[in-house]
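**Student:** Just dropping this structure here.
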Amino acid sequence: NWTPPDRKTTREQAKRIISNYRAYEGMYRELLDGAESVKRTVDGHTRVFKRTRKATMVQSRNFYRNYIKALRNEWPDL
């Protein structure tokens, strides 16, 4: 049976997401600076970001930035 996560579990997930995003932000920056692809291991998983249209990359980066802002509003100490 599924039960909703408790606040402690959700906080730990938010902490991991914020930590991972620091690496993703750098990957977006490299792509926007002209790299064709960027590969990094983040949280034990290999991630490959590939260059697409600039508008698409900016939109994706901005989505994550807004998500991180929402998480930090909920947990300002993260």
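Residues are named by chain letter and number: chains run A, B, ... in the order of the structure tokens, numbers start at 1 in each chain, and ligands are numbered from 1 in the order shown.
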Could you give me, as a list in words, the residues within 9 Å of region 42-47 of chain A, counting only C-alpha atoms and dropping anything in the same chain fewer than 6 positions from it?

**Tutor:**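 Those residues are Arg16, Ser19, Asn20, Ala23 and Tyr24 of chain A.
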
**Student:** How would the residues just chosen look if you wrote them out with all heavy atoms as a PDB file, in the first residue's frame?

**Tutor:**
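The resulting selection-v2.pdb:
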ATOM      1  N   ARG A  16      18.351  16.578  -2.200  1.00  0.00           N
ATOM      2  CA  ARG A  16      19.044  15.881  -3.290  1.00  0.00           C
ATOM      3  C   ARG A  16      18.790  16.577  -4.630  1.00  0.00           C
ATOM      4  O   ARG A  16      19.712  16.766  -5.430  1.00  0.00           O
ATOM      5  CB  ARG A  16      18.605  14.421  -3.358  1.00  0.00           C
ATOM      6  CG  ARG A  16      19.459  13.601  -4.325  1.00  0.00           C
ATOM      7  CD  ARG A  16      19.044  12.147  -4.400  1.00  0.00           C
ATOM      8  NE  ARG A  16      17.823  12.048  -5.178  1.00  0.00           N
ATOM      9  CZ  ARG A  16      16.640  11.645  -4.704  1.00  0.00           C
ATOM     10  NH1 ARG A  16      16.493  11.286  -3.459  1.00  0.00           N
ATOM     11  NH2 ARG A  16      15.590  11.593  -5.484  1.00  0.00           N
ATOM     12  N   SER A  19      20.836  19.759  -4.779  1.00  0.00           N
ATOM     13  CA  SER A  19      22.247  19.413  -4.963  1.00  0.00           C
ATOM     14  C   SER A  19      22.529  19.009  -6.412  1.00  0.00           C
ATOM     15  O   SER A  19      23.508  19.454  -7.020  1.00  0.00           O
ATOM     16  CB  SER A  19      22.627  18.274  -4.015  1.00  0.00           C
ATOM     17  OG  SER A  19      23.937  17.858  -4.249  1.00  0.00           O
ATOM     18  N   ASN A  20      21.671  18.186  -6.973  1.00  0.00           N
ATOM     19  CA  ASN A  20      21.847  17.760  -8.363  1.00  0.00           C
ATOM     20  C   ASN A  20      21.724  18.932  -9.322  1.00  0.00           C
ATOM     21  O   ASN A  20      22.439  19.003 -10.325  1.00  0.00           O
ATOM     22  CB  ASN A  20      20.818  16.694  -8.737  1.00  0.00           C
ATOM     23  CG  ASN A  20      21.057  15.385  -8.022  1.00  0.00           C
ATOM     24  OD1 ASN A  20      22.092  15.171  -7.397  1.00  0.00           O
ATOM     25  ND2 ASN A  20      20.081  14.503  -8.087  1.00  0.00           N
ATOM     26  N   ALA A  23      24.825  20.852 -10.445  1.00  0.00           N
ATOM     27  CA  ALA A  23      25.567  20.264 -11.571  1.00  0.00           C
ATOM     28  C   ALA A  23      24.843  20.545 -12.883  1.00  0.00           C
ATOM     29  O   ALA A  23      25.477  20.885 -13.890  1.00  0.00           O
ATOM     30  CB  ALA A  23      25.733  18.759 -11.370  1.00  0.00           C
ATOM     31  N   TYR A  24      23.524  20.426 -12.887  1.00  0.00           N
ATOM     32  CA  TYR A  24      22.758  20.653 -14.115  1.00  0.00           C
ATOM     33  C   TYR A  24      22.892  22.095 -14.597  1.00  0.00           C
ATOM     34  O   TYR A  24      22.984  22.344 -15.788  1.00  0.00           O
ATOM     35  CB  TYR A  24      21.280  20.320 -13.920  1.00  0.00           C
ATOM     36  CG  TYR A  24      20.995  18.872 -13.587  1.00  0.00           C
ATOM     37  CD1 TYR A  24      19.833  18.519 -12.933  1.00  0.00           C
ATOM     38  CD2 TYR A  24      21.891  17.857 -13.924  1.00  0.00           C
ATOM     39  CE1 TYR A  24      19.553  17.191 -12.628  1.00  0.00           C
ATOM     40  CE2 TYR A  24      21.617  16.537 -13.611  1.00  0.00           C
ATOM     41  CZ  TYR A  24      20.448  16.211 -12.970  1.00  0.00           C
ATOM     42  OH  TYR A  24      20.172  14.908 -12.667  1.00  0.00           O
TER      43      TYR A  24
END

**Student:** Pick out each residue of chain A that DSSP on the backbone tags as strand (DSSP E or B); I need them as a PDB file with all heavy atoms, in the first residue's frame.

**Tutor:**
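For reference, part-v7.pdb as written:
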ATOM      1  N   SER A  37      27.565  18.786 -26.533  1.00  0.00           N
ATOM      2  CA  SER A  37      26.980  17.917 -25.510  1.00  0.00           C
ATOM      3  C   SER A  37      27.850  17.993 -24.262  1.00  0.00           C
ATOM      4  O   SER A  37      29.025  18.336 -24.327  1.00  0.00           O
ATOM      5  CB  SER A  37      26.844  16.471 -25.983  1.00  0.00           C
ATOM      6  OG  SER A  37      28.102  15.867 -26.125  1.00  0.00           O
ATOM      7  N   VAL A  38      27.239  17.672 -23.141  1.00  0.00           N
ATOM      8  CA  VAL A  38      27.933  17.688 -21.858  1.00  0.00           C
ATOM      9  C   VAL A  38      27.541  16.418 -21.124  1.00  0.00           C
ATOM     10  O   VAL A  38      26.356  16.084 -21.027  1.00  0.00           O
ATOM     11  CB  VAL A  38      27.549  18.924 -21.017  1.00  0.00           C
ATOM     12  CG1 VAL A  38      28.298  18.933 -19.703  1.00  0.00           C
ATOM     13  CG2 VAL A  38      27.788  20.209 -21.780  1.00  0.00           C
ATOM     14  N   LYS A  39      28.553  15.700 -20.602  1.00  0.00           N
ATOM     15  CA  LYS A  39      28.292  14.439 -19.918  1.00  0.00           C
ATOM     16  C   LYS A  39      28.898  14.508 -18.517  1.00  0.00           C
ATOM     17  O   LYS A  39      30.068  14.846 -18.364  1.00  0.00           O
ATOM     18  CB  LYS A  39      28.927  13.290 -20.700  1.00  0.00           C
ATOM     19  CG  LYS A  39      28.749  11.925 -20.102  1.00  0.00           C
ATOM     20  CD  LYS A  39      29.400  10.883 -20.990  1.00  0.00           C
ATOM     21  CE  LYS A  39      29.318   9.505 -20.413  1.00  0.00           C
ATOM     22  NZ  LYS A  39      29.963   8.511 -21.288  1.00  0.00           N
ATOM     23  N   ARG A  40      28.081  14.190 -17.516  1.00  0.00           N
ATOM     24  CA  ARG A  40      28.550  14.163 -16.129  1.00  0.00           C
ATOM     25  C   ARG A  40      27.821  13.066 -15.372  1.00  0.00           C
ATOM     26  O   ARG A  40      26.694  12.722 -15.696  1.00  0.00           O
ATOM     27  CB  ARG A  40      28.263  15.487 -15.428  1.00  0.00           C
ATOM     28  CG  ARG A  40      29.061  16.636 -15.960  1.00  0.00           C
ATOM     29  CD  ARG A  40      29.416  17.637 -14.870  1.00  0.00           C
ATOM     30  NE  ARG A  40      30.123  18.738 -15.469  1.00  0.00           N
ATOM     31  CZ  ARG A  40      29.646  19.972 -15.607  1.00  0.00           C
ATOM     32  NH1 ARG A  40      28.452  20.250 -15.167  1.00  0.00           N
ATOM     33  NH2 ARG A  40      30.361  20.911 -16.169  1.00  0.00           N
ATOM     34  N   THR A  41      28.478  12.577 -14.331  1.00  0.00           N
ATOM     35  CA  THR A  41      27.817  11.653 -13.418  1.00  0.00           C
ATOM     36  C   THR A  41      27.289  12.475 -12.257  1.00  0.00           C
ATOM     37  O   THR A  41      28.047  13.173 -11.583  1.00  0.00           O
ATOM     38  CB  THR A  41      28.779  10.563 -12.934  1.00  0.00           C
ATOM     39  OG1 THR A  41      29.248   9.837 -14.071  1.00  0.00           O
ATOM     40  CG2 THR A  41      28.100   9.602 -11.968  1.00  0.00           C
ATOM     41  N   VAL A  42      25.982  12.404 -12.065  1.00  0.00           N
ATOM     42  CA  VAL A  42      25.303  13.173 -11.023  1.00  0.00           C
ATOM     43  C   VAL A  42      24.478  12.202 -10.189  1.00  0.00           C
ATOM     44  O   VAL A  42      23.649  11.471 -10.733  1.00  0.00           O
ATOM     45  CB  VAL A  42      24.392  14.268 -11.646  1.00  0.00           C
ATOM     46  CG1 VAL A  42      23.661  15.038 -10.564  1.00  0.00           C
ATOM     47  CG2 VAL A  42      25.189  15.197 -12.544  1.00  0.00           C
ATOM     48  N   HIS A  45      24.312   8.656 -11.419  1.00  0.00           N
ATOM     49  CA  HIS A  45      23.770   8.388 -12.750  1.00  0.00           C
ATOM     50  C   HIS A  45      24.484   9.264 -13.774  1.00  0.00           C
ATOM     51  O   HIS A  45      24.705  10.450 -13.527  1.00  0.00           O
ATOM     52  CB  HIS A  45      22.264   8.694 -12.801  1.00  0.00           C
ATOM     53  CG  HIS A  45      21.465   7.896 -11.825  1.00  0.00           C
ATOM     54  ND1 HIS A  45      21.099   6.593 -12.068  1.00  0.00           N
ATOM     55  CD2 HIS A  45      20.983   8.206 -10.602  1.00  0.00           C
ATOM     56  CE1 HIS A  45      20.415   6.143 -11.029  1.00  0.00           C
ATOM     57  NE2 HIS A  45      20.335   7.107 -10.118  1.00  0.00           N
ATOM     58  N   THR A  46      24.826   8.679 -14.905  1.00  0.00           N
ATOM     59  CA  THR A  46      25.453   9.449 -15.970  1.00  0.00           C
ATOM     60  C   THR A  46      24.376  10.218 -16.716  1.00  0.00           C
ATOM     61  O   THR A  46      23.391   9.637 -17.167  1.00  0.00           O
ATOM     62  CB  THR A  46      26.231   8.536 -16.933  1.00  0.00           C
ATOM     63  OG1 THR A  46      27.244   7.863 -16.175  1.00  0.00           O
ATOM     64  CG2 THR A  46      26.883   9.336 -18.041  1.00  0.00           C
ATOM     65  N   ARG A  47      24.577  11.512 -16.804  1.00  0.00           N
ATOM     66  CA  ARG A  47      23.633  12.397 -17.497  1.00  0.00           C
ATOM     67  C   ARG A  47      24.326  12.987 -18.715  1.00  0.00           C
ATOM     68  O   ARG A  47      25.472  13.408 -18.641  1.00  0.00           O
ATOM     69  CB  ARG A  47      23.172  13.548 -16.588  1.00  0.00           C
ATOM     70  CG  ARG A  47      22.609  13.106 -15.275  1.00  0.00           C
ATOM     71  CD  ARG A  47      21.276  12.450 -15.466  1.00  0.00           C
ATOM     72  NE  ARG A  47      20.683  12.158 -14.162  1.00  0.00           N
ATOM     73  CZ  ARG A  47      19.803  11.220 -13.968  1.00  0.00           C
ATOM     74  NH1 ARG A  47      19.387  10.495 -14.965  1.00  0.00           N
ATOM     75  NH2 ARG A  47      19.311  11.010 -12.774  1.00  0.00           N
ATOM     76  N   VAL A  48      23.626  13.015 -19.828  1.00  0.00           N
ATOM     77  CA  VAL A  48      24.138  13.622 -21.047  1.00  0.00           C
ATOM     78  C   VAL A  48      23.130  14.665 -21.497  1.00  0.00           C
ATOM     79  O   VAL A  48      21.975  14.342 -21.749  1.00  0.00           O
ATOM     80  CB  VAL A  48      24.356  12.584 -22.172  1.00  0.00           C
ATOM     81  CG1 VAL A  48      24.874  13.263 -23.433  1.00  0.00           C
ATOM     82  CG2 VAL A  48      25.315  11.492 -21.721  1.00  0.00           C
ATOM     83  N   PHE A  49      23.563  15.905 -21.545  1.00  0.00           N
ATOM     84  CA  PHE A  49      22.744  16.985 -22.081  1.00  0.00           C
ATOM     85  C   PHE A  49      23.267  17.292 -23.468  1.00  0.00           C
ATOM     86  O   PHE A  49      24.473  17.431 -23.661  1.00  0.00           O
ATOM     87  CB  PHE A  49      22.851  18.252 -21.227  1.00  0.00           C
ATOM     88  CG  PHE A  49      22.103  18.218 -19.923  1.00  0.00           C
ATOM     89  CD1 PHE A  49      21.625  17.045 -19.363  1.00  0.00           C
ATOM     90  CD2 PHE A  49      21.882  19.397 -19.239  1.00  0.00           C
ATOM     91  CE1 PHE A  49      20.946  17.044 -18.164  1.00  0.00           C
ATOM     92  CE2 PHE A  49      21.196  19.409 -18.029  1.00  0.00           C
ATOM     93  CZ  PHE A  49      20.723  18.223 -17.491  1.00  0.00           C
ATOM     94  N   LYS A  50      22.369  17.371 -24.437  1.00  0.00           N
ATOM     95  CA  LYS A  50      22.761  17.663 -25.823  1.00  0.00           C
ATOM     96  C   LYS A  50      22.214  19.011 -26.247  1.00  0.00           C
ATOM     97  O   LYS A  50      21.126  19.403 -25.834  1.00  0.00           O
ATOM     98  CB  LYS A  50      22.256  16.568 -26.753  1.00  0.00           C
ATOM     99  CG  LYS A  50      22.911  15.233 -26.481  1.00  0.00           C
ATOM    100  CD  LYS A  50      22.446  14.172 -27.437  1.00  0.00           C
ATOM    101  CE  LYS A  50      23.127  12.852 -27.105  1.00  0.00           C
ATOM    102  NZ  LYS A  50      22.690  11.804 -27.995  1.00  0.00           N
TER     103      LYS A  50
END

**Student:** Looking at only C-alpha atoms, which of A:Arg53, A:Tyr21, A:Gln13, A:Leu31 is the one that sits closest to Tyr67 (chain A)?

**Tutor:**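 For Tyr67 (chain A), the nearest of the candidates is A:Tyr21.
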
**Student:** At a cut-off of 12 Å, using only C-alpha atoms, what residues contact Glu12 (chain A)? Leave out same-chain residues fewer than 5 positions from it and give the result as an MDAnalysis selection string.

**Tutor:** chainID A and resid 5:7 17:19 71 75 77:78
